[in-house]
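Undergrad: Contents of work.cif (mmCIF, C-alpha atoms) are given next:
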data_query
#
loop_
_atom_site.label_atom_id
_atom_site.label_comp_id
_atom_site.auth_asym_id
_atom_site.auth_seq_id
_atom_site.Cartn_x
_atom_site.Cartn_y
_atom_site.Cartn_z
CA MET A 72 -34.40 42.58 -46.40
CA PRO A 73 -31.57 40.26 -47.52
CA SER A 74 -29.75 41.07 -50.76
CA GLU A 75 -30.07 38.79 -53.79
CA MET A 76 -26.75 37.09 -53.03
CA GLU A 77 -27.63 36.67 -49.34
CA SER A 78 -30.91 35.06 -50.47
CA CYS A 79 -28.88 32.71 -52.69
CA ILE A 80 -26.81 31.61 -49.70
CA GLU A 81 -29.93 31.16 -47.59
CA SER A 82 -31.73 29.16 -50.31
CA LEU A 83 -28.74 26.90 -50.84
CA ILE A 84 -28.63 26.03 -47.12
CA VAL A 85 -32.40 25.57 -46.81
CA ILE A 86 -32.57 23.38 -49.94
CA PHE A 87 -29.71 21.17 -48.72
CA HIS A 88 -31.37 20.69 -45.32
CA ARG A 89 -34.80 20.10 -46.88
CA TYR A 90 -33.36 16.85 -48.28
CA ALA A 91 -30.83 16.09 -45.53
CA VAL A 92 -33.53 16.02 -42.85
CA GLN A 93 -35.57 13.28 -44.50
CA ASP A 94 -33.83 10.24 -43.04
CA GLY A 95 -31.25 9.42 -40.38
CA ASP A 96 -28.72 12.15 -39.80
CA ILE A 97 -30.41 15.54 -40.36
CA LYS A 98 -27.13 17.27 -41.27
CA THR A 99 -26.08 14.99 -44.08
CA LEU A 100 -27.40 13.63 -47.37
CA SER A 101 -27.66 9.87 -47.65
CA LYS A 102 -27.39 8.42 -51.17
CA LYS A 103 -31.19 8.27 -51.32
CA GLU A 104 -31.52 11.92 -50.27
CA LEU A 105 -28.81 12.97 -52.75
CA LYS A 106 -30.71 11.24 -55.57
CA LYS A 107 -33.93 13.07 -54.64
CA LEU A 108 -32.06 16.40 -54.53
CA LEU A 109 -30.45 15.77 -57.92
CA ASP A 110 -33.73 14.72 -59.53
CA ASN A 111 -35.74 17.62 -58.10
CA GLU A 112 -33.23 20.45 -57.85
CA LEU A 113 -30.77 19.76 -60.67
CA PRO A 114 -32.97 18.01 -63.29
CA VAL A 115 -31.27 19.55 -66.34
CA PHE A 116 -27.82 18.47 -65.15
CA THR A 117 -29.04 15.04 -64.00
CA LYS A 118 -30.86 14.24 -67.26
CA ALA A 119 -27.97 15.50 -69.36
CA GLN A 120 -25.61 13.01 -67.71
CA ASN A 121 -27.94 10.13 -68.71
CA ASN A 122 -26.02 7.87 -66.35
CA PRO A 123 -27.76 5.41 -63.99
CA LYS A 124 -24.63 5.38 -61.84
CA LEU A 125 -24.52 9.19 -61.48
CA VAL A 126 -25.44 9.25 -57.78
CA ASP A 127 -22.78 6.64 -56.97
CA TYR A 128 -20.12 8.60 -58.86
CA ILE A 129 -21.04 11.90 -57.20
CA MET A 130 -21.18 10.34 -53.75
CA LYS A 131 -17.79 8.67 -54.29
CA ASP A 132 -16.29 11.89 -55.65
CA LEU A 133 -17.56 14.22 -52.91
CA ASP A 134 -17.63 11.96 -49.83
CA LEU A 135 -14.23 12.97 -48.44
CA ASN A 136 -14.48 11.15 -45.10
CA LYS A 137 -15.97 8.04 -46.72
CA ASP A 138 -18.96 7.74 -44.38
CA ASP A 139 -21.44 7.27 -47.27
CA LYS A 140 -23.03 10.61 -46.44
CA LEU A 141 -22.45 14.19 -47.63
CA ASP A 142 -22.40 17.06 -45.21
CA PHE A 143 -22.87 20.61 -46.55
CA GLN A 144 -19.11 21.18 -46.86
CA GLU A 145 -18.75 18.02 -48.96
CA PHE A 146 -21.82 18.88 -51.06
CA ILE A 147 -20.97 22.48 -52.01
CA PRO A 148 -18.26 21.64 -54.60
CA LEU A 149 -21.06 20.13 -56.72
CA PHE A 150 -22.86 23.48 -56.61
CA THR A 151 -19.74 25.49 -57.42
CA GLY A 152 -18.63 23.12 -60.18
CA LEU A 153 -22.00 23.44 -61.86
CA SER A 154 -22.00 27.22 -61.37
CA MET A 155 -18.60 27.55 -63.02
CA ASN A 156 -19.69 25.45 -66.00
CA CYS A 157 -22.90 27.43 -66.34
CA GLU A 158 -20.93 30.68 -66.17
CA LYS A 159 -18.79 29.55 -69.13
CA ILE A 160 -21.97 28.89 -71.11
CA TYR A 161 -23.28 32.31 -70.01
CA ASN A 162 -20.10 33.97 -71.36
CA MET A 163 -20.35 32.13 -74.69
CA LYS A 164 -23.96 33.22 -75.09
CA GLN A 165 -23.06 36.84 -74.25
CA LYS A 166 -20.31 36.71 -76.88
CA LYS A 167 -22.72 35.31 -79.50
CA CYS A 168 -25.29 38.03 -78.76
CA LYS A 169 -22.59 40.69 -79.06
CA SER A 170 -21.36 39.46 -82.44
CA LYS A 171 -24.96 39.25 -83.70
CA ASP A 172 -25.54 42.88 -82.62
CA GLN A 173 -22.34 44.00 -84.33
CA GLY A 174 -23.44 42.14 -87.48
CA LYS A 175 -26.69 44.17 -87.57
CA GLN A 176 -24.93 47.57 -87.34
CA MET B 144 -39.39 26.61 -64.88
CA PRO B 145 -35.97 26.34 -63.20
CA SER B 146 -35.77 24.69 -59.79
CA GLU B 147 -34.83 26.73 -56.71
CA MET B 148 -31.22 25.54 -56.85
CA GLU B 149 -30.98 26.22 -60.59
CA SER B 150 -32.29 29.74 -59.88
CA CYS B 151 -29.56 30.12 -57.23
CA ILE B 152 -26.90 29.23 -59.80
CA GLU B 153 -28.43 31.64 -62.32
CA SER B 154 -28.66 34.47 -59.78
CA LEU B 155 -25.09 33.99 -58.66
CA ILE B 156 -23.84 34.29 -62.27
CA VAL B 157 -26.08 37.26 -63.11
CA ILE B 158 -25.13 39.14 -59.92
CA PHE B 159 -21.40 38.59 -60.54
CA HIS B 160 -21.70 39.88 -64.11
CA ARG B 161 -23.90 42.82 -63.07
CA TYR B 162 -20.82 44.19 -61.26
CA ALA B 163 -18.11 42.77 -63.54
CA VAL B 164 -19.53 44.57 -66.59
CA GLN B 165 -19.25 48.04 -65.08
CA ASP B 166 -15.68 48.88 -66.05
CA GLY B 167 -12.92 47.48 -68.25
CA ASP B 168 -13.00 43.70 -68.64
CA ILE B 169 -16.64 42.56 -68.55
CA LYS B 170 -15.73 39.07 -67.28
CA THR B 171 -13.84 40.10 -64.19
CA LEU B 172 -14.28 42.19 -61.06
CA SER B 173 -11.85 45.05 -60.57
CA LYS B 174 -11.17 46.11 -56.97
CA LYS B 175 -13.72 48.92 -57.39
CA GLU B 176 -16.36 46.51 -58.70
CA LEU B 177 -15.60 44.00 -55.92
CA LYS B 178 -16.10 46.74 -53.32
CA LYS B 179 -19.50 47.65 -54.83
CA LEU B 180 -20.54 43.98 -54.87
CA LEU B 181 -19.49 43.50 -51.24
CA ASP B 182 -21.27 46.66 -50.08
CA ASN B 183 -24.49 45.94 -51.97
CA GLU B 184 -24.71 42.16 -52.02
CA LEU B 185 -22.94 41.09 -48.83
CA PRO B 186 -23.62 44.04 -46.47
CA VAL B 187 -23.98 41.94 -43.29
CA PHE B 188 -20.66 40.19 -43.87
CA THR B 189 -18.91 43.39 -44.97
CA LYS B 190 -20.10 45.46 -41.99
CA ALA B 191 -19.32 42.65 -39.56
CA GLN B 192 -15.67 42.64 -40.67
CA ASN B 193 -15.41 46.36 -39.86
CA ASN B 194 -12.12 46.49 -41.76
CA PRO B 195 -11.25 49.30 -44.19
CA LYS B 196 -8.74 46.98 -45.86
CA LEU B 197 -11.29 44.19 -46.42
CA VAL B 198 -11.41 44.56 -50.22
CA ASP B 199 -7.60 44.47 -50.44
CA TYR B 200 -7.43 41.33 -48.30
CA ILE B 201 -10.14 39.54 -50.29
CA MET B 202 -8.60 40.53 -53.63
CA LYS B 203 -5.17 39.36 -52.47
CA ASP B 204 -6.60 36.11 -51.09
CA LEU B 205 -8.71 35.18 -54.14
CA ASP B 206 -6.71 36.64 -57.04
CA LEU B 207 -4.85 33.44 -57.97
CA ASN B 208 -3.26 34.70 -61.18
CA LYS B 209 -2.33 38.05 -59.62
CA ASP B 210 -3.83 40.21 -62.35
CA ASP B 211 -5.66 42.49 -59.84
CA LYS B 212 -8.99 41.19 -61.11
CA LEU B 213 -11.28 38.32 -60.08
CA ASP B 214 -12.91 36.12 -62.65
CA PHE B 215 -15.94 34.02 -61.62
CA GLN B 216 -13.78 31.00 -60.79
CA GLU B 217 -11.63 33.11 -58.46
CA PHE B 218 -14.68 34.79 -56.90
CA ILE B 219 -16.77 31.70 -56.07
CA PRO B 220 -14.69 30.54 -53.05
CA LEU B 221 -15.89 33.71 -51.28
CA PHE B 222 -19.48 32.62 -51.87
CA THR B 223 -18.84 29.05 -50.74
CA GLY B 224 -16.83 30.11 -47.70
CA LEU B 225 -19.65 32.38 -46.57
CA SER B 226 -22.24 29.67 -47.29
CA MET B 227 -20.36 27.14 -45.17
CA ASN B 228 -20.07 29.59 -42.25
CA CYS B 229 -23.75 30.47 -42.53
CA GLU B 230 -24.66 26.78 -42.60
CA LYS B 231 -22.82 26.25 -39.30
CA ILE B 232 -24.86 29.09 -37.78
CA TYR B 233 -28.01 27.52 -39.28
CA ASN B 234 -27.18 24.19 -37.57
CA MET B 235 -26.56 25.89 -34.21
CA LYS B 236 -29.90 27.68 -34.44
CA GLN B 237 -31.69 24.44 -35.36
CA LYS B 238 -30.09 22.77 -32.32
CA LYS B 239 -31.17 25.64 -30.03
CA CYS B 240 -34.75 25.47 -31.32
CA LYS B 241 -34.79 21.71 -30.79
CA SER B 242 -33.59 21.94 -27.18
CA LYS B 243 -36.12 24.70 -26.48
CA ASP B 244 -38.92 22.47 -27.87
CA GLN B 245 -37.74 19.55 -25.75
CA GLY B 246 -37.70 21.84 -22.69
CA LYS B 247 -41.39 22.68 -23.24
CA GLN B 248 -42.51 19.03 -23.41
#
Please re-express this file's structure in structure tokens.
TA:
Amino acid sequence: MPSEMESCIESLIVIFHRYAVQDGDIKTLSKKELKKLLDNELPVFTKAQNNPKLVDYIMKDLDLNKDDKLDFQEFIPLFTGLSMNCEKIYNMKQKKCKSKDQGKQ
Amino acid sequence: MPSEMESCIESLIVIFHRYAVQDGDIKTLSKKELKKLLDNELPVFTKAQNNPKLVDYIMKDLDLNKDDKLDFQEFIPLFTGLSMNCEKIYNMKQKKCKSKDQGKQ
């Protein structure tokens, strides 16, 4: 039975390939596949940006070899960047909860 | 309901903090906490290394500000590095399956 973190790694790979396999090269995300992934898998982030050009910006930012496709290695900084931002929010919320608890004592 | 990828991000943060909170600074992993995380959450990787000094190497490699602790930002390259290696193995296995299928036709 895989651990929770091993399951995270597995899910991340399977999700990426679920979209990458849909057209052309099965190991990379085309712009169309990236848009589907963003809309379905990162809806909160995508809606919050409220930017019709979001997919173009992300593709331009992450596509290191400029082939208009993202392989897994090029894609993963999006995941880690979001994780780090979410972790900061997590810490702020933990701090708020703590000060509320101390206020009640 | 969070998407699968959003759940991955959430799990990653919760798992990190489950270990970080155990002693001293609740936002960082001490060497002891890192060892527990590796043993419990990344057992396959940890056993495969078969190296008693593994925790020291990882701490030295990831601890950018040299405070003998890993915050989430310092920790996440371990997760992404493992994910990228696992994705390569995933691609090799997919290739093998494909050639087996073609052999049967």
Undergrad: So the first atom is CA of Lys179 (chain B) and the second is CA of Val198 (chain B); what is the distance between them in Å, to one decimal place?
TA: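 According to the coordinates, CA of Lys179 (chain B) and CA of Val198 (chain B) are separated by 9.8 Å.
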Undergrad: Tell me the residues of chain B close to chain A, meaning within 12 Å using all atoms listed in the file, as a ChimeraX atom specification.
TA: /B:144-161,163-164,169-171,180-189,214-235,237-238
Undergrad: What does the structure give for the distance between CA of Lys175 (chain B) and CA of Asp210 (chain B), in Å to one decimal?
TA: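 So the answer is 14.1 Å.
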Undergrad: Given 6 Å of margin on each side, can you work out the centre and size in Å (one decimal) of an axis-aligned box holding every listed atom of region 77-94 of chain A, as JSON?
TA:
{"center_x": -31.2, "center_y": 23.5, "center_z": -47.8, "size_x": 20.8, "size_y": 38.4, "size_z": 21.8}
Undergrad: With all atoms listed in the file as the basis for distance, which of B:Tyr200, B:Lys212, B:Pro195, B:Leu205 is at the shortest distance from Ser173 (chain B)?
TA: B:Lys212
Undergrad: Distance CA of Lys174 (chain B)-CA of Leu213 (chain B), one decimal place?
TA: 8.4 Å
